[in-house]
Amino acid sequence: MGALLWKEFRENSYKVAAGLGVVFLLHLLRQIEDFNRSFANDINGWAPIIAGLSAGILGMDVIAGERSRGTLEFLLVRPASLARIIAAKFIVGAVGLFVIVAAFWAVVYVTPFVGTMSPFGGRASVQVIAEVPWLAMVYAWFLPALVVYAAVFLASAATENSAEAAGAGCIIALMAVIFLVLVVLLYPGFIHERSTIQDLLTVVFTREGDLVRIATRGDEILGRTLLAGGLVTAGLVAAWLLTGRFREVTLGRRQLVVSGFFLVTVVLTVPRLMPDDSEKILPVGSLRVGDRVRDLSLIGEYAFLLYGDSLSVVDVSVPSTPRAMQTVRVDPVWSLSRLALVGSHLCAGGRNTDTLADSIGVVCFDITTPSSPRVSGSTVLSRYYGRDIDYGYYDDLVRAKFQIKALNGNLLMPTTTESQSQLTSIRIDGGGVPSEQDRLVLETYEYPEELWEDDNMYSRSAFVGRHRFEVVPGKEHAYLGLRSGFSIVDVDANGDLYELSRTDLGDVRQSSRGSSRSIVVRGDRVLVRRLWPAEFVEFDVKDPQQPRQTRNLFHRTMEAWPRQGGFFYRTRGTAVRLYDHRDPYQRPIPSLELALDNPRRGLRADPILRDGYAYAVIDNELAVFELPPLK
Amino acid sequence: MSEAVIQTEDFTRRYGSTVAVDELNLTVERGQVFGFLGRNGAGKTTTIKTLLGLLRPTSGSVRVLGLDPVKDGIELKKRIGYVPETLQLYSWMRVHEMIRFTSQFYDSWNDTHVAELLGQFGLDPEHKVKNLSRGMGAQLALVLAMGHEPELLILDEPATGLDVLVRRDFLESIVRVIQQQGRTVMLSSHMVHEVERVADRVGVIEGGKLLACEDADAFKGRVKKVLVRLPGEDDAALRNVEGVSEIEGSGDRRLVTIAGYEDKHREAVRATGAEVVDIVDMSLEESFIELVRPHARRQGEL
């Protein structure tokens, strides 16, 4: 074994040296401040290139090279088991790969990053480095690189020379991808509950929040190590068989070219040819409602469709024949976008263009007689709260995504500015007239002045979107997914707001990418998305003043999917796909799809699933579907 | 009866639909120098690779030194030395590195013997393998195959691609090595005269079948040329004699080649009325040609 290792080391050391040379060059370049600054953004581009190239170069020559030079036979007639010969080759390449990856990250870690670090944007990669120890980072990258190396190694065992090995490596990788896609297609729940396969690749398609979890959690490291170990073992066994038992079986250029074309053809055509196995559920009834519907609400036997400046009522008491009833118009200065029901009033929030600068407000409709609603009142919210700003309020709110929710006879709306996250409550009086009641400042933001000067990368209003938060009304309280964590807010009958508790999830620095913190309420439990490391954290909120953390869930867990009428569902293009949550594989029960010949647009509003029927506005139709019974 | 070092029974090897070796029954006994003759593509290399465990027999059994080359490959390879047809050495190594590398596979490596051989062949240990001439490369390959003092030495078409002079030199090296007692040697070649110098037993393979396997002297005696004087000018009667493969000459003189010559052939020739003037022994090469010619004819190659 020693002799074999020595030989393999001598044969491969120049490749490792070349890799280290590139890494060292990077190290030198990083001493230049400009390069170093941009390198902070490029780490995640460099890492897969260095790791992938090294894996390919170290692997492609390793057996095919000996074959083409004729020295493979020299080894095979020696009294050493083939397993040893293969192992020695593999070990030397794997160690070399590790050395290069380790050196690359050493270069990243050794020289500190300079210049202004914004709390947001592409510098999350720098934050990862602060949180993940060097060795953990090396290992996180080493595992997928090792799998690539094993694939190329296998390719090398099946081919006559290095160039063919590289080609075969690509084909094996393509096959692996097809295989993974098949697994995911056959078991839709797979990817949502078992993260490891995806996480192995996730490193390459870096999402920093995932990387922290992958690199630092013991169980994640173990899972990925086992998976990578399994794949590597499979590759080695195949290489062993190809070098020994099936030594005459080699892939020539012709087979490679043909299988390459074949695979590409398969990849390009099969998804198109594959019949959609999901059973389509056709609507039992539909009604043309135009394509400007902004929101849908279902109250009793009536569906309410919100347009920018009108509300339409559709009688859906007979699901097969929805009947258009009345349409109420409001002043066209309104551009309404979301509905919420408070008692017998249906209120719509949106934009009001009557003021000098656009503002937002609420219009309420009395629906005591649902078939003929009438406007009961409206209000325009005071422009802003807190710090003075010079520019359009509405623009900022658009970035923050409009939300309006009803709780305890009040409406709740986030009114976020560039320096604050606020929650505004609007009380609806007995006559259905809305009026602003209270505002609660949840978070305030201060950014260093130099941030605005740094390459003009950020404008203040761009930050409004990052201050956005989710409002989810529960039975008694509202749950807010804030930038720093989550908050439980009580709204009393007067519309006064009280914060009952605030839980910090400790990832505030990185909730940077602007993604909102989604929060899902399930009775006494809430699932709060942690962005860094990525996952859902479950809290028991029986005592709203002291939420208790109960467990952590995978960040794609189906538990957090939208759920209505006993179904999990996902909207996909023009269809709503339903999942039975009791199925261990969480296969879709027949997907629900509106059968339009050529639907130009997808869903116009969230679908509503209730009492065995689903209501959705797709393209320009309000469609009613009969839901399949749960098995 | 002495021990069989190599023994195959109905050994058949196919590559897809092509039969490379067809029910080969071969026995080589300890201490023999076995010349394995055959044209290119006759099945020599396939047989040798099977003996080394590099290929598996499609059917039949193969035993070398009493072991199964596939199952007991490692044990067997400790006791076999192999010089392949084409040089397979690591060109980046120096001669002494190549030797050291090879030596570590074996427990029985004999450094003094290796040093001796290096001296005999005039190989400089500091030389880089890639700078060695072909002949020296072949000699190094031979040294590497001998270093662990194998019981069986297998040479597959050694010296292919060497020029005449170097070839002669290399063959001398082989002869020197072979002369050590008790060693069994299997030397495959299509160059029959090379084998003639060293082999004491000869096997001929053609189209995957073993045509002959006997002592070298007996093999040479198998084919004889008989010079005859005919009563007339018609040699038709001669052609009917069993074993006649070729008739040359004109007028009343003919040179008749007879395969598997025995005394009865002399009588048969006489019976045609011809007078036997002389009986000439053939070289190994001529014997080989006579043996293989009918097969080549059948395949339309001649």
# chains A, B, ... in the order shown; residues from 1 in each chain; ligands from 1
>>> closest_atom_pairs(of="chain B", to="chain A", cutoff="9 Å", atoms="only C-alpha atoms", output="tab-separated table")
residue	atom	partner	partner_atom	distance
B:Tyr15	CA	A:Glu248	CA	8.9
B:Leu52	CA	A:Val77	CA	6.8
B:Gly53	CA	A:Val77	CA	8.1
B:Leu54	CA	A:Leu76	CA	7.3
B:Leu55	CA	A:Arg245	CA	8.1
B:Arg56	CA	A:Arg245	CA	8.0
B:Gly73	CA	A:Pro79	CA	7.3
B:Ile74	CA	A:Pro79	CA	4.4
B:Glu75	CA	A:Pro79	CA	6.8
B:Leu76	CA	A:Pro79	CA	7.5
B:Lys77	CA	A:Pro79	CA	4.9
B:Lys78	CA	A:Pro79	CA	5.4
B:Arg79	CA	A:Pro79	CA	8.8
B:Ile80	CA	A:Val77	CA	8.7
B:Gly81	CA	A:Val77	CA	8.6
B:Tyr82	CA	A:Val77	CA	7.6
B:Pro84	CA	A:Phe74	CA	8.6
B:Thr86	CA	A:Gly70	CA	7.9
B:Leu87	CA	A:Gly70	CA	7.7
B:Gln88	CA	A:Thr71	CA	4.6
B:Leu89	CA	A:Thr71	CA	6.1
B:Tyr90	CA	A:Thr71	CA	6.9
B:Trp92	CA	A:Glu11	CA	8.5
B:Arg100	CA	A:Ala3	CA	8.4
B:Phe101	CA	A:Ala3	CA	5.7
B:Thr102	CA	A:Arg78	CA	8.1
B:Ser103	CA	A:Ala3	CA	9.0
B:Gln104	CA	A:Ala3	CA	6.2
B:Phe105	CA	A:Pro79	CA	6.2
B:Tyr106	CA	A:Pro79	CA	7.2
>>> write_last_selection(atoms="C-alpha atoms", output="CSV table (one decimal), in the first residue's frame")
chain,number,residue,atom,x,y,z
B,15,TYR,CA,-15.3,-11.9,-26.7
B,52,LEU,CA,-2.4,-14.3,-15.1
B,53,GLY,CA,-6.0,-13.8,-13.9
B,54,LEU,CA,-6.5,-10.7,-16.0
B,55,LEU,CA,-9.2,-12.4,-18.0
B,56,ARG,CA,-11.8,-14.9,-16.9
B,73,GLY,CA,-4.9,-14.3,-8.0
B,74,ILE,CA,-2.8,-12.6,-5.3
B,75,GLU,CA,-1.1,-15.7,-4.1
B,76,LEU,CA,-0.4,-16.7,-7.7
B,77,LYS,CA,1.0,-13.4,-8.8
B,78,LYS,CA,3.6,-13.6,-6.0
B,79,ARG,CA,4.9,-16.7,-7.8
B,80,ILE,CA,4.7,-15.5,-11.4
B,81,GLY,CA,6.9,-13.2,-13.3
B,82,TYR,CA,5.5,-11.6,-16.4
B,84,PRO,CA,4.4,-8.2,-21.4
B,86,THR,CA,4.5,-3.8,-24.8
B,87,LEU,CA,6.5,-1.9,-22.3
B,88,GLN,CA,4.5,-0.9,-19.3
B,89,LEU,CA,6.8,1.1,-17.1
B,90,TYR,CA,6.3,4.4,-15.4
B,92,TRP,CA,8.8,9.3,-14.9
B,100,ARG,CA,12.0,-0.2,-5.5
B,101,PHE,CA,8.3,0.4,-6.4
B,102,THR,CA,8.0,-3.1,-7.9
B,103,SER,CA,9.9,-4.7,-5.0
B,104,GLN,CA,7.4,-3.5,-2.5
B,105,PHE,CA,4.7,-5.8,-3.8
B,106,TYR,CA,6.7,-8.9,-3.0
>>> residues_around(residues="Ser344 in chain A", least_positions_apart="6", cutoff="9 Å", atoms="only C-alpha atoms", output="PyMOL selection string")
chain A and resi 365-368+432
>>> atom_distance(atom1="CA of Ile360 in chain A", atom2="CA of Leu412 in chain A")
13.0 Å
>>> residues_around(residues="Val433 in chain A", least_positions_apart="5", cutoff="9 Å", atoms="only C-alpha atoms", output="PyMOL selection string")
chain A and resi 363-364+376-379+427-428
